[in-house]
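Data first, discussion second: the structure below is written as structure tokens.
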Amino acid sequence: MIDLRSDTITKPTDAMRKAIYEAEVGDDVFGEDPTVNRLQEMVASMLGKQKAIYVSSGTMGNLLAIKANTNPGDEVILDAQSHIFYYEAAGTAAICGVQLNLVNGKRGSITKEQVEEKIRDLGNPHFPVTSLVSVENTHNRWGGVVIPIDEIKRIRELADERGLKMHMDGARLLNAQVASGISAGEFAKYFDTVAICFSKGLGAPMGSMIAADAETIDRVRRARKMIGGGQRQVGIAAAAALYAIENNVDRLVDDHDNAKRLAKALSILPGVEVNPDEVDTNIVYFDVTKSPMSAIDVMVKMSEQGVLMLPLDENRVRVVTHLGVDGNDIDKAIEAFSEVFTE
Ligand SMILES: Cc1ncc(COP(=O)(O)O)c(C=O)c1O
């Protein structure tokens, strides 16, 4: 099976498993896991922050960063298609006690003006306190879009003027780095907290990290304990993440090339709508409204050809490239697509 459902489905390679096997470990709740400590230092330095802290998932990273940046009753401004809004089980409401104020960004990129319009008047006691802006980079539901750094800088200026914090859901920040040539550290500079994931394109089985100043990381550590996220010999997982950062970043360019190639091939098939120029990284969404098939029909027919993908809604299908698929797999997937859409 050629599995294009997600970049989270990768399995650790032999070399990664060897790194896991050989990991030196200790009790991370005591701060004594040398592998976790090494990973935290490496990520903090990569993102230009004082400290970083290991958390078990991207969802936990966003949740704890938002908790550390807000008080219950506050409001957070973010794009309406954000992962935090769509797919994180309303943890921000249930656990942080904050309300989300959604903005319809342009392909996931919200503008300074849109944020400005949403900031509440602090003098009016009817309103919640706006305390945080969150940006997703790359943007999942907009098809792996890299958020333009110039707009991020403009939002940062506004945030500084109005006393807001900024969080980046950088689950795929290294895809943004590889695609744009702008370093993860340069993107991170404009944010108070940054969450990155090792379990997406980087190919580790688990784990995420939040980077921020030391005081914020202390608040995250307490919140992590509160929700049961303090783990013991978690160097086992950190070793895989270290391996991923050291070995699997540069190769993301292959995933991006494969995604672009898939999008180009799809764009010339009857009934398929996709703009390959809008494929920045490793996620491709295509629309089948003009085909006689629904997204589910496409998924079923393609799975009969040995290619897996995810229907997103009635007419939209998602395919994602990752280190578990190579150029030959993409050739086969393209062949299968052309059979399914021209039969
Ligand atoms: C942009 C983004 N943020 C956060 C997450 C959550 O990560 P996890 O599944 O590790 O909780 C995902 C998962 O795909 C994601 O795409």
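Residues are named by chain letter and number: chains run A, B, ... in the order of the structure tokens, numbers start at 1 in each chain, and ligands are numbered from 1 in the order shown.
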Using only C-alpha atoms, which protein or nucleic acid residues come within 10 Å of Val76 of chain A? Drop anything in the same chain fewer than 3 positions from it, and give the result as a ChimeraX atom specification. /A:66,69-70,73,92,98-102,118-119,128-134,164-167
Can you list every residue of chain A that has an atom at most 8 Å from ligand 1, with its nearest atom pair and the distance in Å to one decimal, using only C-alpha atoms and all ligand atoms, ordered by chain then number, as JSON lines?
{"residue": "A:Ser6", "atom": "CA", "partner": "ligand 1", "partner_atom_place_in_ligand_line": "14 (O)", "distance": 7.9}
{"residue": "A:Thr8", "atom": "CA", "partner": "ligand 1", "partner_atom_place_in_ligand_line": "14 (O)", "distance": 7.1}
{"residue": "A:Ser56", "atom": "CA", "partner": "ligand 1", "partner_atom_place_in_ligand_line": "10 (O)", "distance": 7.3}
{"residue": "A:Ser57", "atom": "CA", "partner": "ligand 1", "partner_atom_place_in_ligand_line": "10 (O)", "distance": 3.8}
{"residue": "A:Gly58", "atom": "CA", "partner": "ligand 1", "partner_atom_place_in_ligand_line": "7 (O)", "distance": 3.4}
{"residue": "A:Thr59", "atom": "CA", "partner": "ligand 1", "partner_atom_place_in_ligand_line": "11 (O)", "distance": 3.6}
{"residue": "A:Met60", "atom": "CA", "partner": "ligand 1", "partner_atom_place_in_ligand_line": "11 (O)", "distance": 6.3}
{"residue": "A:Gly61", "atom": "CA", "partner": "ligand 1", "partner_atom_place_in_ligand_line": "11 (O)", "distance": 7.8}
{"residue": "A:Asn62", "atom": "CA", "partner": "ligand 1", "partner_atom_place_in_ligand_line": "4 (C)", "distance": 7.0}
{"residue": "A:Ser82", "atom": "CA", "partner": "ligand 1", "partner_atom_place_in_ligand_line": "1 (C)", "distance": 7.2}
{"residue": "A:His83", "atom": "CA", "partner": "ligand 1", "partner_atom_place_in_ligand_line": "2 (C)", "distance": 5.2}
{"residue": "A:Ile84", "atom": "CA", "partner": "ligand 1", "partner_atom_place_in_ligand_line": "3 (N)", "distance": 6.7}
{"residue": "A:Tyr87", "atom": "CA", "partner": "ligand 1", "partner_atom_place_in_ligand_line": "6 (C)", "distance": 7.7}
{"residue": "A:Glu88", "atom": "CA", "partner": "ligand 1", "partner_atom_place_in_ligand_line": "6 (C)", "distance": 7.2}
{"residue": "A:Glu136", "atom": "CA", "partner": "ligand 1", "partner_atom_place_in_ligand_line": "1 (C)", "distance": 6.0}
{"residue": "A:Asn137", "atom": "CA", "partner": "ligand 1", "partner_atom_place_in_ligand_line": "1 (C)", "distance": 7.0}
{"residue": "A:Thr138", "atom": "CA", "partner": "ligand 1", "partner_atom_place_in_ligand_line": "1 (C)", "distance": 6.8}
{"residue": "A:His139", "atom": "CA", "partner": "ligand 1", "partner_atom_place_in_ligand_line": "1 (C)", "distance": 5.9}
{"residue": "A:Asn140", "atom": "CA", "partner": "ligand 1", "partner_atom_place_in_ligand_line": "1 (C)", "distance": 5.1}
{"residue": "A:Arg141", "atom": "CA", "partner": "ligand 1", "partner_atom_place_in_ligand_line": "16 (O)", "distance": 7.9}
{"residue": "A:Asp169", "atom": "CA", "partner": "ligand 1", "partner_atom_place_in_ligand_line": "3 (N)", "distance": 5.7}
{"residue": "A:Gly170", "atom": "CA", "partner": "ligand 1", "partner_atom_place_in_ligand_line": "1 (C)", "distance": 6.6}
{"residue": "A:Ala171", "atom": "CA", "partner": "ligand 1", "partner_atom_place_in_ligand_line": "3 (N)", "distance": 4.9}
{"residue": "A:Arg172", "atom": "CA", "partner": "ligand 1", "partner_atom_place_in_ligand_line": "1 (C)", "distance": 6.6}
{"residue": "A:Cys197", "atom": "CA", "partner": "ligand 1", "partner_atom_place_in_ligand_line": "10 (O)", "distance": 6.6}
{"residue": "A:Ser199", "atom": "CA", "partner": "ligand 1", "partner_atom_place_in_ligand_line": "10 (O)", "distance": 6.6}
{"residue": "A:Lys200", "atom": "CA", "partner": "ligand 1", "partner_atom_place_in_ligand_line": "14 (O)", "distance": 7.0}
{"residue": "A:Met206", "atom": "CA", "partner": "ligand 1", "partner_atom_place_in_ligand_line": "10 (O)", "distance": 7.1}
{"residue": "A:Gly207", "atom": "CA", "partner": "ligand 1", "partner_atom_place_in_ligand_line": "10 (O)", "distance": 6.9}
{"residue": "A:Ser208", "atom": "CA", "partner": "ligand 1", "partner_atom_place_in_ligand_line": "10 (O)", "distance": 7.0}
Residues as selected, C-alpha atoms, written as a PDB file, in the first residue's frame, can you do that?
ATOM      1  CA  SER A   6      -0.784  11.728   6.440  1.00  0.00           C
ATOM      2  CA  THR A   8       2.146  11.003  10.700  1.00  0.00           C
ATOM      3  CA  SER A  56       4.092  14.154  23.997  1.00  0.00           C
ATOM      4  CA  SER A  57       2.137  15.567  21.044  1.00  0.00           C
ATOM      5  CA  GLY A  58       1.465  18.602  18.917  1.00  0.00           C
ATOM      6  CA  THR A  59      -1.932  18.971  20.535  1.00  0.00           C
ATOM      7  CA  MET A  60      -0.313  19.034  23.969  1.00  0.00           C
ATOM      8  CA  GLY A  61       2.233  21.569  22.718  1.00  0.00           C
ATOM      9  CA  ASN A  62      -0.460  23.966  21.547  1.00  0.00           C
ATOM     10  CA  SER A  82      -6.554  26.299  12.354  1.00  0.00           C
ATOM     11  CA  HIS A  83      -5.752  22.857  13.659  1.00  0.00           C
ATOM     12  CA  ILE A  84      -6.223  24.272  17.157  1.00  0.00           C
ATOM     13  CA  TYR A  87      -8.928  19.166  15.565  1.00  0.00           C
ATOM     14  CA  GLU A  88      -7.862  19.598  19.164  1.00  0.00           C
ATOM     15  CA  GLU A 136      -0.130  27.936  12.106  1.00  0.00           C
ATOM     16  CA  ASN A 137       2.967  27.479   9.929  1.00  0.00           C
ATOM     17  CA  THR A 138       2.826  25.528   7.693  1.00  0.00           C
ATOM     18  CA  HIS A 139      -0.938  25.567   7.572  1.00  0.00           C
ATOM     19  CA  ASN A 140      -2.456  22.088   7.455  1.00  0.00           C
ATOM     20  CA  ARG A 141      -6.043  22.684   6.273  1.00  0.00           C
ATOM     21  CA  ASP A 169       1.727  26.130  15.883  1.00  0.00           C
ATOM     22  CA  GLY A 170       4.840  25.038  14.031  1.00  0.00           C
ATOM     23  CA  ALA A 171       3.975  21.357  13.809  1.00  0.00           C
ATOM     24  CA  ARG A 172       5.525  21.548  10.324  1.00  0.00           C
ATOM     25  CA  CYS A 197       6.439  18.288  16.101  1.00  0.00           C
ATOM     26  CA  SER A 199       6.123  12.988  14.490  1.00  0.00           C
ATOM     27  CA  LYS A 200       5.042  14.609  11.207  1.00  0.00           C
ATOM     28  CA  MET A 206       6.050  10.695  18.822  1.00  0.00           C
ATOM     29  CA  GLY A 207       6.878  13.931  20.524  1.00  0.00           C
ATOM     30  CA  SER A 208       6.760  17.683  20.249  1.00  0.00           C
TER      31      SER A 208
END
Those of segment 103-295 of chain A in DSSP alpha helix (DSSP H), formatted as a PyMOL selection string: chain A and resi 112-118+149-162+173-180+184-188+214-226+235-247+252-267+295
Taking only C-alpha atoms into account, which of A:Glu246, A:Glu157, A:Asp79, A:Glu314 comes nearest Val43 of chain A?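 Result for the nearest residue to Val43 of chain A: A:Glu246.
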Pick out the residues sitting within 10 Å of Asp150 of chain A, and hand them over as a CSV table (one decimal) with C-alpha atoms, in the first residue's frame; count only C-alpha atoms, and ignore anything fewer than 5 positions along from it in its own chain.
chain,number,residue,atom,x,y,z
A,111,THR,CA,-3.4,39.9,8.3
A,155,ILE,CA,1.3,41.2,13.3
A,156,ARG,CA,4.2,41.2,15.8
Can you pull out the residues contacting Ala212 of chain A? Cut-off 8 Å, using only C-alpha atoms, and skip same-chain residues under 3 positions away; I want them as a list in words.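 My list of contacting residues is Ala44, Lys49, Gln50, Lys51, Ala52, Asp192, Thr193, Val194, Thr216 and Ile217 of chain A.
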Selection file, N, CA and C atoms, as an mmCIF file, in the first residue's frame:
data_model
loop_
_atom_site.group_PDB
_atom_site.id
_atom_site.type_symbol
_atom_site.label_atom_id
_atom_site.label_comp_id
_atom_site.auth_asym_id
_atom_site.auth_seq_id
_atom_site.Cartn_x
_atom_site.Cartn_y
_atom_site.Cartn_z
ATOM 1 N N ALA A 44 15.940 24.583 21.561
ATOM 2 C CA ALA A 44 15.949 25.972 22.044
ATOM 3 C C ALA A 44 16.937 26.781 21.212
ATOM 4 N N LYS A 49 15.506 30.477 21.352
ATOM 5 C CA LYS A 49 14.788 30.754 22.604
ATOM 6 C C LYS A 49 15.643 30.310 23.796
ATOM 7 N N GLN A 50 15.292 30.829 25.000
ATOM 8 C CA GLN A 50 16.083 30.454 26.179
ATOM 9 C C GLN A 50 15.970 28.969 26.486
ATOM 10 N N LYS A 51 14.741 28.456 26.377
ATOM 11 C CA LYS A 51 14.524 27.072 26.793
ATOM 12 C C LYS A 51 13.512 26.380 25.893
ATOM 13 N N ALA A 52 13.511 25.044 25.992
ATOM 14 C CA ALA A 52 12.481 24.260 25.303
ATOM 15 C C ALA A 52 12.085 23.111 26.221
ATOM 16 N N ASP A 192 6.259 34.417 20.957
ATOM 17 C CA ASP A 192 6.621 34.180 22.355
ATOM 18 C C ASP A 192 6.789 32.684 22.613
ATOM 19 N N THR A 193 5.899 31.889 22.008
ATOM 20 C CA THR A 193 6.007 30.431 22.149
ATOM 21 C C THR A 193 5.925 29.798 20.763
ATOM 22 N N VAL A 194 6.701 28.742 20.591
ATOM 23 C CA VAL A 194 6.681 28.005 19.323
ATOM 24 C C VAL A 194 6.582 26.525 19.654
ATOM 25 N N THR A 216 8.313 31.346 30.871
ATOM 26 C CA THR A 216 7.166 30.696 30.212
ATOM 27 C C THR A 216 7.316 29.174 30.275
ATOM 28 N N ILE A 217 8.539 28.700 30.052
ATOM 29 C CA ILE A 217 8.750 27.248 30.095
ATOM 30 C C ILE A 217 8.471 26.709 31.512
#
As JSON, numbers by chain, please: every residue in segment 188-248 of chain A that a backbone DSSP assignment puts in strand (DSSP E). {"A": [193, 194, 195, 196, 197, 208, 209, 210, 211, 212]}
Have a look at atom CA of Met302 of chain A and atom CA of Asn328 of chain A and let me know their distance in Å, one decimal. 16.4 Å
Excluding Leu310 of chain A and its own-chain neighbours fewer than 6 positions away, which residues fall within 9 Å of it when counting only C-alpha atoms? Please give them as a list of chain:residue names. A:Leu4, A:Arg5, A:Ser6, A:Ala295, A:Ile296, A:Met299, A:Arg316, A:Val317, A:Arg318, A:Val319
Requested write-out: C-alpha atoms of the selected residues, as an mmCIF file, in the first residue's frame:
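And here is the file that came out, part14.cif:
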data_model
loop_
_atom_site.group_PDB
_atom_site.id
_atom_site.type_symbol
_atom_site.label_atom_id
_atom_site.label_comp_id
_atom_site.auth_asym_id
_atom_site.auth_seq_id
_atom_site.Cartn_x
_atom_site.Cartn_y
_atom_site.Cartn_z
ATOM 1 C CA LEU A 4 -0.683 9.154 1.416
ATOM 2 C CA ARG A 5 -3.182 9.796 4.219
ATOM 3 C CA SER A 6 -0.784 11.728 6.440
ATOM 4 C CA ALA A 295 -14.257 12.295 -2.375
ATOM 5 C CA ILE A 296 -15.197 8.959 -0.790
ATOM 6 C CA MET A 299 -10.719 7.164 -1.827
ATOM 7 C CA ARG A 316 -12.145 17.431 -1.259
ATOM 8 C CA VAL A 317 -9.396 14.849 -0.953
ATOM 9 C CA ARG A 318 -6.074 15.158 0.851
ATOM 10 C CA VAL A 319 -2.795 13.512 -0.076
#
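Here atom CA of Thr321 of chain A stands at a distance of 14.5 Å from atom CA of Val178 of chain A.
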Write out as a ChimeraX atom specification the residues lying within 10 Å of Lys260 of chain A, counting only C-alpha atoms and excluding same-chain residues fewer than 2 positions away. /A:254-258,262-266,275-284,321
Nearest to Val36 of chain A, chosen from A:Ile245, A:Leu173, A:Ile20, A:Ala237, with only C-alpha atoms counted in the distances: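 Using only C-alpha atoms, Val36 of chain A sits closest to A:Ala237.
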Choose the residue, out of A:Tyr243, A:Tyr54, A:Phe127, A:Trp142, that has the smallest atom-to-atom separation from Ala195 of chain A; count only C-alpha atoms. A:Tyr54
